[in-house]
>>> print(open('start-v1.txt').read())   # compact mmCIF, C-alpha atoms
# COMPACT_ATOMS: atom_id res chain seq x y z
CA MET A 179 13.17 -24.77 -4.72
CA LYS A 180 11.22 -22.21 -2.70
CA LYS A 181 14.17 -19.82 -2.70
CA LEU A 182 14.51 -20.20 -6.47
CA ALA A 183 10.79 -19.41 -6.97
CA ILE A 184 11.09 -16.31 -4.75
CA GLY A 185 14.22 -15.21 -6.61
CA LEU A 186 12.51 -15.66 -9.98
CA TYR A 187 9.45 -13.73 -8.82
CA ALA A 188 11.66 -10.89 -7.48
CA ALA A 189 13.56 -10.78 -10.80
CA LEU A 190 10.29 -10.71 -12.76
CA THR A 191 9.04 -7.89 -10.55
CA ALA A 192 12.25 -5.88 -11.08
CA ALA A 193 11.94 -6.39 -14.85
CA LEU A 194 8.29 -5.28 -14.76
CA MET A 195 9.19 -2.18 -12.74
CA ALA A 196 11.93 -1.24 -15.23
CA TRP A 197 9.64 -1.88 -18.21
CA GLY A 198 6.79 0.09 -16.60
CA PHE A 199 9.14 3.01 -15.97
CA TYR A 200 10.41 2.91 -19.55
CA GLN A 201 6.84 2.85 -20.91
CA ALA A 202 5.73 5.73 -18.67
CA ILE A 203 8.69 8.02 -19.36
CA TYR A 204 9.86 7.21 -22.90
CA VAL A 205 7.00 5.52 -24.77
CA ALA A 206 3.73 7.14 -23.64
CA PRO A 207 3.15 10.47 -25.43
CA ASP A 208 2.70 13.81 -23.69
CA GLU A 209 -0.90 14.53 -22.76
CA GLN A 210 -2.23 17.54 -24.73
CA THR A 211 -3.32 19.79 -21.84
CA MET A 212 -1.22 18.67 -18.87
CA HIS A 213 1.93 17.78 -20.84
CA GLU A 214 4.73 16.01 -18.95
CA VAL A 215 3.25 16.31 -15.46
CA GLN A 216 0.48 13.89 -16.51
CA ARG A 217 3.11 11.11 -16.32
CA ILE A 218 2.70 11.22 -12.51
CA PHE A 219 -0.60 9.45 -13.23
CA TYR A 220 1.30 6.23 -14.16
CA TYR A 221 2.53 5.92 -10.57
CA HIS A 222 -0.36 7.63 -8.76
CA VAL A 223 -3.30 5.55 -10.05
CA PRO A 224 -1.67 2.07 -9.82
CA SER A 225 -0.58 2.94 -6.26
CA ALA A 226 -4.18 3.82 -5.37
CA MET A 227 -5.48 0.58 -6.92
CA THR A 228 -2.89 -1.50 -5.07
CA ALA A 229 -3.69 0.28 -1.78
CA PHE A 230 -7.38 -0.56 -2.24
CA LEU A 231 -6.54 -4.21 -2.91
CA PHE A 232 -4.41 -4.46 0.23
CA PHE A 233 -7.03 -2.77 2.37
CA ALA A 234 -9.46 -5.43 1.06
CA ILE A 235 -6.97 -8.13 2.12
CA SER A 236 -6.77 -6.47 5.53
CA LEU A 237 -10.57 -6.46 5.75
CA ALA A 238 -10.73 -10.19 4.87
CA GLY A 239 -8.05 -10.90 7.49
CA SER A 240 -9.90 -8.88 10.16
CA ILE A 241 -13.20 -10.64 9.43
CA GLY A 242 -11.39 -14.00 9.39
CA PHE A 243 -9.80 -13.27 12.77
CA LEU A 244 -13.14 -12.26 14.33
CA ALA A 245 -14.85 -15.35 12.91
CA LEU A 246 -12.14 -17.88 13.85
CA ARG A 247 -10.71 -16.56 17.11
CA ARG A 248 -12.79 -18.77 19.42
CA ASN A 249 -12.88 -22.12 17.60
CA HIS A 250 -9.74 -22.04 15.44
CA PRO A 251 -7.15 -19.90 17.23
CA VAL A 252 -4.24 -21.04 15.03
CA ARG A 253 -6.04 -20.11 11.81
CA ALA A 254 -7.22 -16.88 13.46
CA LEU A 255 -3.57 -15.91 14.03
CA ALA A 256 -2.84 -16.41 10.32
CA ALA A 257 -5.86 -14.24 9.45
CA ASP A 258 -4.60 -11.58 11.87
CA ALA A 259 -1.19 -11.65 10.19
CA TRP A 260 -2.86 -11.02 6.82
CA ALA A 261 -4.89 -8.18 8.37
CA VAL A 262 -1.88 -6.32 9.75
CA SER A 263 0.25 -6.98 6.66
CA GLY A 264 -2.47 -5.73 4.29
CA ALA A 265 -3.04 -2.62 6.41
CA GLU A 266 0.65 -1.73 6.66
CA VAL A 267 1.52 -2.23 2.99
CA GLY A 268 -1.75 -0.48 2.06
CA VAL A 269 -0.70 2.53 4.14
CA VAL A 270 2.64 2.64 2.29
CA PHE A 271 0.85 2.77 -1.08
CA CYS A 272 -1.75 5.24 0.22
CA THR A 273 1.12 7.51 1.38
CA VAL A 274 2.49 7.45 -2.17
CA VAL A 275 -0.98 8.43 -3.45
CA LEU A 276 -1.24 11.32 -0.97
CA ILE A 277 2.17 12.69 -1.96
CA THR A 278 2.11 12.21 -5.74
CA GLY A 279 -1.48 13.60 -5.96
CA PRO A 280 -0.62 17.06 -4.57
CA LEU A 281 2.54 17.17 -6.73
CA TRP A 282 0.32 16.71 -9.79
CA GLY A 283 -2.36 19.08 -8.38
CA ARG A 284 0.13 21.90 -7.86
CA ARG A 285 0.92 21.92 -11.60
CA ALA A 286 -2.53 21.04 -12.93
CA TRP A 287 -4.74 23.09 -10.55
CA GLY A 288 -2.21 25.57 -9.16
CA ILE A 289 -2.79 24.35 -5.58
CA TRP A 290 -1.27 21.62 -3.43
CA TRP A 291 -4.47 20.60 -1.71
CA THR A 292 -8.21 21.26 -1.64
CA TRP A 293 -10.84 19.81 0.67
CA ASP A 294 -12.45 18.04 -2.25
CA ALA A 295 -14.46 14.85 -1.46
CA ARG A 296 -11.95 12.45 -3.12
CA LEU A 297 -8.92 14.00 -1.45
CA THR A 298 -10.58 14.31 1.95
CA THR A 299 -11.93 10.76 2.03
CA THR A 300 -8.51 9.44 0.96
CA LEU A 301 -6.82 11.37 3.77
CA VAL A 302 -9.43 9.98 6.23
CA LEU A 303 -8.71 6.47 4.91
CA TRP A 304 -4.99 6.95 5.51
CA LEU A 305 -5.62 8.30 9.03
CA LEU A 306 -7.91 5.36 9.87
CA TYR A 307 -5.29 2.80 8.87
CA VAL A 308 -2.50 4.71 10.59
CA SER A 309 -4.60 4.66 13.78
CA TYR A 310 -5.10 0.90 13.24
CA LEU A 311 -1.32 0.42 13.07
CA LEU A 312 -0.74 2.67 16.10
CA LEU A 313 -3.31 0.68 18.07
CA ARG A 314 -1.45 -2.52 17.23
CA ARG A 315 1.88 -0.95 18.11
CA PHE A 316 0.99 0.57 21.47
CA ALA A 317 -2.00 -1.34 22.87
CA ALA A 318 -1.34 -4.40 24.99
CA GLY A 319 -3.39 -7.22 26.43
CA PRO A 320 -5.40 -10.13 25.08
CA GLN A 321 -8.11 -7.94 23.54
CA MET A 322 -5.74 -5.93 21.34
CA GLN A 323 -6.12 -8.12 18.24
CA THR A 324 -9.92 -8.16 18.56
CA LEU A 325 -10.07 -4.37 18.92
CA ALA A 326 -7.74 -3.96 15.95
CA ALA A 327 -9.86 -6.33 13.84
CA VAL A 328 -13.02 -4.33 14.63
CA LEU A 329 -11.23 -1.09 13.74
CA GLY A 330 -9.93 -2.78 10.57
CA VAL A 331 -13.48 -3.62 9.49
CA PHE A 332 -14.68 -0.05 10.10
CA ALA A 333 -11.66 1.49 8.38
CA ALA A 334 -12.37 -0.59 5.25
CA LEU A 335 -15.83 0.97 5.01
CA ASP A 336 -14.11 4.14 3.78
CA VAL A 337 -12.67 2.37 0.70
CA PRO A 338 -15.97 2.27 -1.29
CA ILE A 339 -16.66 5.86 -0.15
CA VAL A 340 -13.30 6.97 -1.59
CA TYR A 341 -14.00 5.11 -4.83
CA MET A 342 -17.54 6.48 -5.22
CA SER A 343 -16.73 10.02 -4.02
CA THR A 344 -16.22 11.38 -7.56
CA ARG A 345 -19.66 10.04 -8.53
CA TRP A 346 -21.58 11.00 -5.39
CA TRP A 347 -20.23 14.54 -5.03
CA ARG A 348 -19.09 17.23 -7.43
CA THR A 349 -15.32 17.07 -7.16
CA GLN A 350 -12.27 18.70 -8.66
CA HIS A 351 -10.52 15.33 -8.92
CA PRO A 352 -10.52 13.79 -12.43
CA ALA A 353 -13.11 11.08 -13.22
CA PRO A 354 -12.04 7.46 -12.66
CA VAL A 355 -10.05 5.86 -15.49
CA PHE A 356 -12.44 2.91 -15.70
CA GLY A 357 -16.23 3.27 -15.48
CA GLY A 358 -16.13 7.00 -14.90
CA GLY A 359 -18.57 7.99 -17.64
CA PRO A 360 -18.31 8.80 -21.38
CA ASP A 361 -15.48 11.34 -20.95
CA SER A 362 -13.32 9.15 -18.77
CA GLY A 363 -10.78 6.53 -19.79
CA ILE A 364 -7.57 6.55 -21.78
CA LYS A 365 -7.95 6.96 -25.52
CA ASP A 366 -4.34 6.67 -26.67
CA PRO A 367 -3.17 3.02 -26.92
CA ALA A 368 0.42 3.90 -25.93
CA MET A 369 -0.87 5.59 -22.77
CA LEU A 370 -3.12 2.62 -22.07
CA HIS A 371 -0.15 0.22 -22.41
CA ALA A 372 2.00 2.34 -20.09
CA PHE A 373 -0.83 2.41 -17.59
CA GLY A 374 -1.38 -1.37 -17.82
CA TRP A 375 2.32 -2.19 -17.41
CA ASN A 376 2.57 0.04 -14.37
CA ILE A 377 -0.50 -1.55 -12.78
CA ALA A 378 1.10 -4.99 -13.28
CA ALA A 379 4.47 -3.75 -11.98
CA TRP A 380 3.15 -2.10 -8.81
CA LEU A 381 0.85 -4.99 -8.09
CA ALA A 382 3.76 -7.46 -8.41
CA TRP A 383 5.93 -5.26 -6.18
CA GLY A 384 3.12 -4.87 -3.64
CA LEU A 385 2.52 -8.62 -3.46
CA LEU A 386 6.24 -9.20 -2.93
CA ILE A 387 6.45 -6.84 0.05
CA LEU A 388 3.09 -8.08 1.36
CA ALA A 389 4.44 -11.66 1.42
CA LEU A 390 7.59 -10.47 3.22
CA ARG A 391 5.54 -8.50 5.77
CA TYR A 392 3.27 -11.52 6.34
CA ARG A 393 6.29 -13.77 6.92
CA ILE A 394 7.73 -11.32 9.48
CA GLU A 395 4.40 -11.17 11.31
CA ARG A 396 4.13 -14.98 11.45
CA GLN A 397 7.69 -15.18 12.80
CA HIS A 398 6.78 -12.57 15.43
CA GLN A 399 3.73 -14.61 16.45
CA GLN A 400 5.88 -17.74 16.79
CA LEU A 401 8.37 -15.83 18.94
CA ILE A 402 5.59 -14.56 21.23
CA ALA A 403 4.19 -18.12 21.51
CA ARG A 404 7.64 -19.48 22.43
CA GLN A 405 8.10 -16.79 25.08
CA ALA A 406 4.62 -17.50 26.48
CA GLN A 407 5.42 -21.21 26.63
CA ALA A 408 8.70 -20.47 28.41
CA ALA A 409 6.83 -18.34 30.94
CA LEU A 410 4.39 -21.20 31.57
CA ASP A 411 7.24 -23.67 31.98
CA GLU A 412 8.77 -21.47 34.68
CA ILE A 413 5.61 -21.67 36.81
CA MET B 90 12.61 24.49 -22.76
CA ASP B 91 10.28 27.15 -21.36
CA GLN B 92 9.75 27.73 -17.64
CA ARG B 93 6.51 25.75 -17.56
CA ALA B 94 8.11 22.67 -19.14
CA ILE B 95 11.04 22.84 -16.69
CA LEU B 96 8.68 22.99 -13.71
CA ASP B 97 6.57 20.14 -15.12
CA HIS B 98 9.71 18.05 -15.48
CA GLN B 99 10.86 18.83 -11.93
CA PHE B 100 7.48 17.92 -10.44
CA THR B 101 7.36 14.65 -12.39
CA VAL B 102 10.90 13.73 -11.27
CA ALA B 103 9.95 14.61 -7.67
CA ALA B 104 6.85 12.38 -7.79
CA TYR B 105 8.81 9.41 -9.18
CA ALA B 106 11.69 9.92 -6.75
CA VAL B 107 9.37 10.18 -3.72
CA THR B 108 7.52 7.03 -4.78
CA TRP B 109 10.77 5.06 -5.02
CA ALA B 110 12.14 6.52 -1.79
CA ILE B 111 9.02 5.46 0.13
CA GLN B 112 8.86 1.96 -1.37
CA LEU B 113 12.57 1.19 -1.05
CA GLY B 114 12.69 2.77 2.41
CA TYR B 115 9.88 0.49 3.52
CA LEU B 116 11.65 -2.53 2.01
CA VAL B 117 14.82 -1.66 3.96
CA CYS B 118 12.75 -1.32 7.18
CA LEU B 119 11.24 -4.75 6.59
CA GLY B 120 14.69 -6.20 5.93
CA LEU B 121 16.05 -4.79 9.19
CA LYS B 122 13.03 -6.05 11.11
CA TRP B 123 13.44 -9.50 9.53
CA ARG B 124 17.12 -9.63 10.52
CA ALA B 125 16.44 -8.47 14.10
CA GLN B 126 13.72 -11.09 14.47
CA LYS B 127 15.96 -13.85 13.12
CA ARG B 128 18.57 -12.95 15.74
CA GLU B 129 15.92 -12.90 18.47
CA ALA B 130 14.63 -16.31 17.35
CA ALA B 131 18.15 -17.78 17.41
CA ARG B 132 18.66 -16.77 21.04
CA PRO B 133 17.65 -19.19 23.83
CA VAL B 134 14.02 -18.57 24.81
CA ARG B 135 13.39 -16.58 27.97
CA SER B 136 10.05 -15.59 29.38
CA PRO B 137 9.09 -11.93 28.69
CA ARG B 138 8.91 -11.24 32.45
>>> encode(input="start-v1.txt", output="structure tokens")
Amino acid sequence: MKKLAIGLYAALTAALMAWGFYQAIYVAPDEQTMHEVQRIFYYHVPSAMTAFLFFAISLAGSIGFLALRRNHPVRALAADAWAVSGAEVGVVFCTVVLITGPLWGRRAWGIWWTWDARLTTTLVLWLLYVSYLLLRRFAAGPQMQTLAAVLGVFAALDVPIVYMSTRWWRTQHPAPVFGGGPDSGIKDPAMLHAFGWNIAAWLAWGLLILALRYRIERQHQQLIARQAQAALDEI
Amino acid sequence: MDQRAILDHQFTVAAYAVTWAIQLGYLVCLGLKWRAQKREAARPVRSPR
């Protein structure tokens, strides 16, 4: 039953991805000033939104781990698994954002990169979460998860800064699609549909790989616990 | 198609291709990790020492 549900969800996700692609490439019209290169937006913006969501999941997991680690160690381990899974999948989506953005910028602005507030804070966000993952990969000892959780909380503080950067500072980056002022937003309904379908598709895809990553982390924790028990039995 | 339209098309294709390469590459990595862990779990447990 569980396998069937997973299979159905994966099939639905694949259908959404195909439909989102079709909408972005064949249905949405060319934008008047940027022409075809504007279609990068249908992958760039949903990837950024999904990355933000997963960094929020990582934050909740880190806070959960810090809150539960003394009194509820088993639940704390589950929270830690969510924290690392959210951070890792978030980094994957943030990498997509940092590559597709300059590809668009090269055609729209004539440059690959500028030290604009939105771009810089996004790069800092990516570096913070990469350092979080490196800490988890290379640090050892009983304090590693606590240190990672603290870093995870601080790294998440950059998410609202990235989001607000286009409002707080004068930036070259376009205004946000939603809530970015009177000139922001998508006016054409076909573009809005393509955008909406791609948000749904990337979110569904992201949740699928997040669930897989979480399962792997839980398995890893069980393996470590079994090895620790075996070591105790040898004494 | 003029030069500008060709370049626009190439950049759009590159952005879509890179996105898919990253996402599918990550999925393959997760699959390999999953398989390696399954094998490890099937083995008799030994202490890490």
>>> closest_residue(input="start-v1.txt", among="A:Glu214, A:Ala206, A:Leu281, A:Ala333", to="Pro367 in chain A", atoms="only C-alpha atoms")
A:Ala206
>>> closest_atom_pairs(input="start-v1.txt", of="chain B", to="chain A", cutoff="9 Å", atoms="only C-alpha atoms", output="JSON lines")
{"residue": "B:Ala94", "atom": "CA", "partner": "A:Glu214", "partner_atom": "CA", "distance": 7.5}
{"residue": "B:Leu96", "atom": "CA", "partner": "A:Arg285", "partner_atom": "CA", "distance": 8.1}
{"residue": "B:Asp97", "atom": "CA", "partner": "A:Val215", "partner_atom": "CA", "distance": 5.1}
{"residue": "B:His98", "atom": "CA", "partner": "A:Glu214", "partner_atom": "CA", "distance": 6.4}
{"residue": "B:Gln99", "atom": "CA", "partner": "A:Val215", "partner_atom": "CA", "distance": 8.8}
{"residue": "B:Phe100", "atom": "CA", "partner": "A:Leu281", "partner_atom": "CA", "distance": 6.2}
{"residue": "B:Thr101", "atom": "CA", "partner": "A:Val215", "partner_atom": "CA", "distance": 5.4}
{"residue": "B:Val102", "atom": "CA", "partner": "A:Ile218", "partner_atom": "CA", "distance": 8.7}
{"residue": "B:Ala103", "atom": "CA", "partner": "A:Leu281", "partner_atom": "CA", "distance": 7.9}
{"residue": "B:Ala104", "atom": "CA", "partner": "A:Thr278", "partner_atom": "CA", "distance": 5.2}
{"residue": "B:Tyr105", "atom": "CA", "partner": "A:Ile218", "partner_atom": "CA", "distance": 7.2}
{"residue": "B:Val107", "atom": "CA", "partner": "A:Val274", "partner_atom": "CA", "distance": 7.6}
{"residue": "B:Thr108", "atom": "CA", "partner": "A:Val274", "partner_atom": "CA", "distance": 5.7}
{"residue": "B:Ile111", "atom": "CA", "partner": "A:Val274", "partner_atom": "CA", "distance": 7.2}
{"residue": "B:Gln112", "atom": "CA", "partner": "A:Val270", "partner_atom": "CA", "distance": 7.2}
{"residue": "B:Tyr115", "atom": "CA", "partner": "A:Val270", "partner_atom": "CA", "distance": 7.7}
{"residue": "B:Leu116", "atom": "CA", "partner": "A:Ile387", "partner_atom": "CA", "distance": 7.0}
{"residue": "B:Leu119", "atom": "CA", "partner": "A:Arg391", "partner_atom": "CA", "distance": 6.9}
{"residue": "B:Gly120", "atom": "CA", "partner": "A:Leu390", "partner_atom": "CA", "distance": 8.7}
{"residue": "B:Lys122", "atom": "CA", "partner": "A:Ile394", "partner_atom": "CA", "distance": 7.6}
{"residue": "B:Trp123", "atom": "CA", "partner": "A:Ile394", "partner_atom": "CA", "distance": 6.0}
{"residue": "B:Gln126", "atom": "CA", "partner": "A:His398", "partner_atom": "CA", "distance": 7.2}
{"residue": "B:Lys127", "atom": "CA", "partner": "A:Gln397", "partner_atom": "CA", "distance": 8.4}
{"residue": "B:Glu129", "atom": "CA", "partner": "A:Leu401", "partner_atom": "CA", "distance": 8.1}
{"residue": "B:Ala130", "atom": "CA", "partner": "A:Leu401", "partner_atom": "CA", "distance": 6.5}
{"residue": "B:Val134", "atom": "CA", "partner": "A:Gln405", "partner_atom": "CA", "distance": 6.2}
{"residue": "B:Arg135", "atom": "CA", "partner": "A:Gln405", "partner_atom": "CA", "distance": 6.0}
{"residue": "B:Ser136", "atom": "CA", "partner": "A:Ala409", "partner_atom": "CA", "distance": 4.5}
{"residue": "B:Pro137", "atom": "CA", "partner": "A:Gln405", "partner_atom": "CA", "distance": 6.1}
{"residue": "B:Arg138", "atom": "CA", "partner": "A:Ala409", "partner_atom": "CA", "distance": 7.6}
>>> closest_residue(input="start-v1.txt", among="A:Leu381, A:Ala202, A:Val252, A:Ala183", to="Ala403 in chain A", atoms="all atoms listed in the file")
A:Val252
>>> atom_distance(input="start-v1.txt", atom1="CA of Leu325 in chain A", atom2="CA of Trp304 in chain A")
18.3 Å
>>> atom_distance(input="start-v1.txt", atom1="CA of Gly239 in chain A", atom2="CA of Ala326 in chain A")
10.9 Å
>>> decode(input="start-v1.txt", residues="range 120-136 of chain B", atoms="N, CA and C atoms", output="PDB file, in the first residue's frame")
ATOM      1  N   GLY B 120      20.183   7.687  -4.652  1.00  0.00           N
ATOM      2  CA  GLY B 120      19.912   6.276  -4.949  1.00  0.00           C
ATOM      3  C   GLY B 120      21.104   5.396  -4.618  1.00  0.00           C
ATOM      4  N   LEU B 121      22.310   5.867  -4.984  1.00  0.00           N
ATOM      5  CA  LEU B 121      23.522   5.081  -4.705  1.00  0.00           C
ATOM      6  C   LEU B 121      23.765   4.983  -3.197  1.00  0.00           C
ATOM      7  N   LYS B 122      23.527   6.095  -2.504  1.00  0.00           N
ATOM      8  CA  LYS B 122      23.715   6.113  -1.053  1.00  0.00           C
ATOM      9  C   LYS B 122      22.736   5.144  -0.386  1.00  0.00           C
ATOM     10  N   TRP B 123      21.506   5.166  -0.857  1.00  0.00           N
ATOM     11  CA  TRP B 123      20.440   4.294  -0.341  1.00  0.00           C
ATOM     12  C   TRP B 123      20.850   2.830  -0.501  1.00  0.00           C
ATOM     13  N   ARG B 124      21.342   2.491  -1.705  1.00  0.00           N
ATOM     14  CA  ARG B 124      21.722   1.110  -1.991  1.00  0.00           C
ATOM     15  C   ARG B 124      22.894   0.662  -1.113  1.00  0.00           C
ATOM     16  N   ALA B 125      23.901   1.568  -0.982  1.00  0.00           N
ATOM     17  CA  ALA B 125      25.076   1.236  -0.167  1.00  0.00           C
ATOM     18  C   ALA B 125      24.662   1.023   1.288  1.00  0.00           C
ATOM     19  N   GLN B 126      23.736   1.834   1.756  1.00  0.00           N
ATOM     20  CA  GLN B 126      23.299   1.724   3.147  1.00  0.00           C
ATOM     21  C   GLN B 126      22.493   0.447   3.386  1.00  0.00           C
ATOM     22  N   LYS B 127      21.704   0.077   2.384  1.00  0.00           N
ATOM     23  CA  LYS B 127      20.920  -1.168   2.482  1.00  0.00           C
ATOM     24  C   LYS B 127      21.860  -2.368   2.617  1.00  0.00           C
ATOM     25  N   ARG B 128      22.937  -2.344   1.821  1.00  0.00           N
ATOM     26  CA  ARG B 128      23.914  -3.435   1.870  1.00  0.00           C
ATOM     27  C   ARG B 128      24.579  -3.487   3.244  1.00  0.00           C
ATOM     28  N   GLU B 129      24.949  -2.287   3.732  1.00  0.00           N
ATOM     29  CA  GLU B 129      25.611  -2.170   5.034  1.00  0.00           C
ATOM     30  C   GLU B 129      24.689  -2.711   6.140  1.00  0.00           C
ATOM     31  N   ALA B 130      23.398  -2.372   6.030  1.00  0.00           N
ATOM     32  CA  ALA B 130      22.432  -2.802   7.050  1.00  0.00           C
ATOM     33  C   ALA B 130      22.208  -4.312   7.013  1.00  0.00           C
ATOM     34  N   ALA B 131      22.367  -4.912   5.835  1.00  0.00           N
ATOM     35  CA  ALA B 131      22.144  -6.356   5.698  1.00  0.00           C
ATOM     36  C   ALA B 131      23.299  -7.177   6.273  1.00  0.00           C
ATOM     37  N   ARG B 132      24.483  -6.533   6.367  1.00  0.00           N
ATOM     38  CA  ARG B 132      25.647  -7.243   6.897  1.00  0.00           C
ATOM     39  C   ARG B 132      25.518  -7.455   8.398  1.00  0.00           C
ATOM     40  N   PRO B 133      26.178  -8.506   8.956  1.00  0.00           N
ATOM     41  CA  PRO B 133      26.127  -8.666  10.414  1.00  0.00           C
ATOM     42  C   PRO B 133      26.779  -7.463  11.104  1.00  0.00           C
ATOM     43  N   VAL B 134      26.207  -7.041  12.219  1.00  0.00           N
ATOM     44  CA  VAL B 134      26.672  -5.816  12.882  1.00  0.00           C
ATOM     45  C   VAL B 134      28.014  -6.051  13.561  1.00  0.00           C
ATOM     46  N   ARG B 135      28.941  -5.127  13.288  1.00  0.00           N
ATOM     47  CA  ARG B 135      30.227  -5.129  13.994  1.00  0.00           C
ATOM     48  C   ARG B 135      30.389  -3.772  14.631  1.00  0.00           C
ATOM     49  N   SER B 136      31.150  -3.722  15.691  1.00  0.00           N
ATOM     50  CA  SER B 136      31.374  -2.415  16.330  1.00  0.00           C
ATOM     51  C   SER B 136      32.262  -1.576  15.418  1.00  0.00           C
TER      52      SER B 136
END
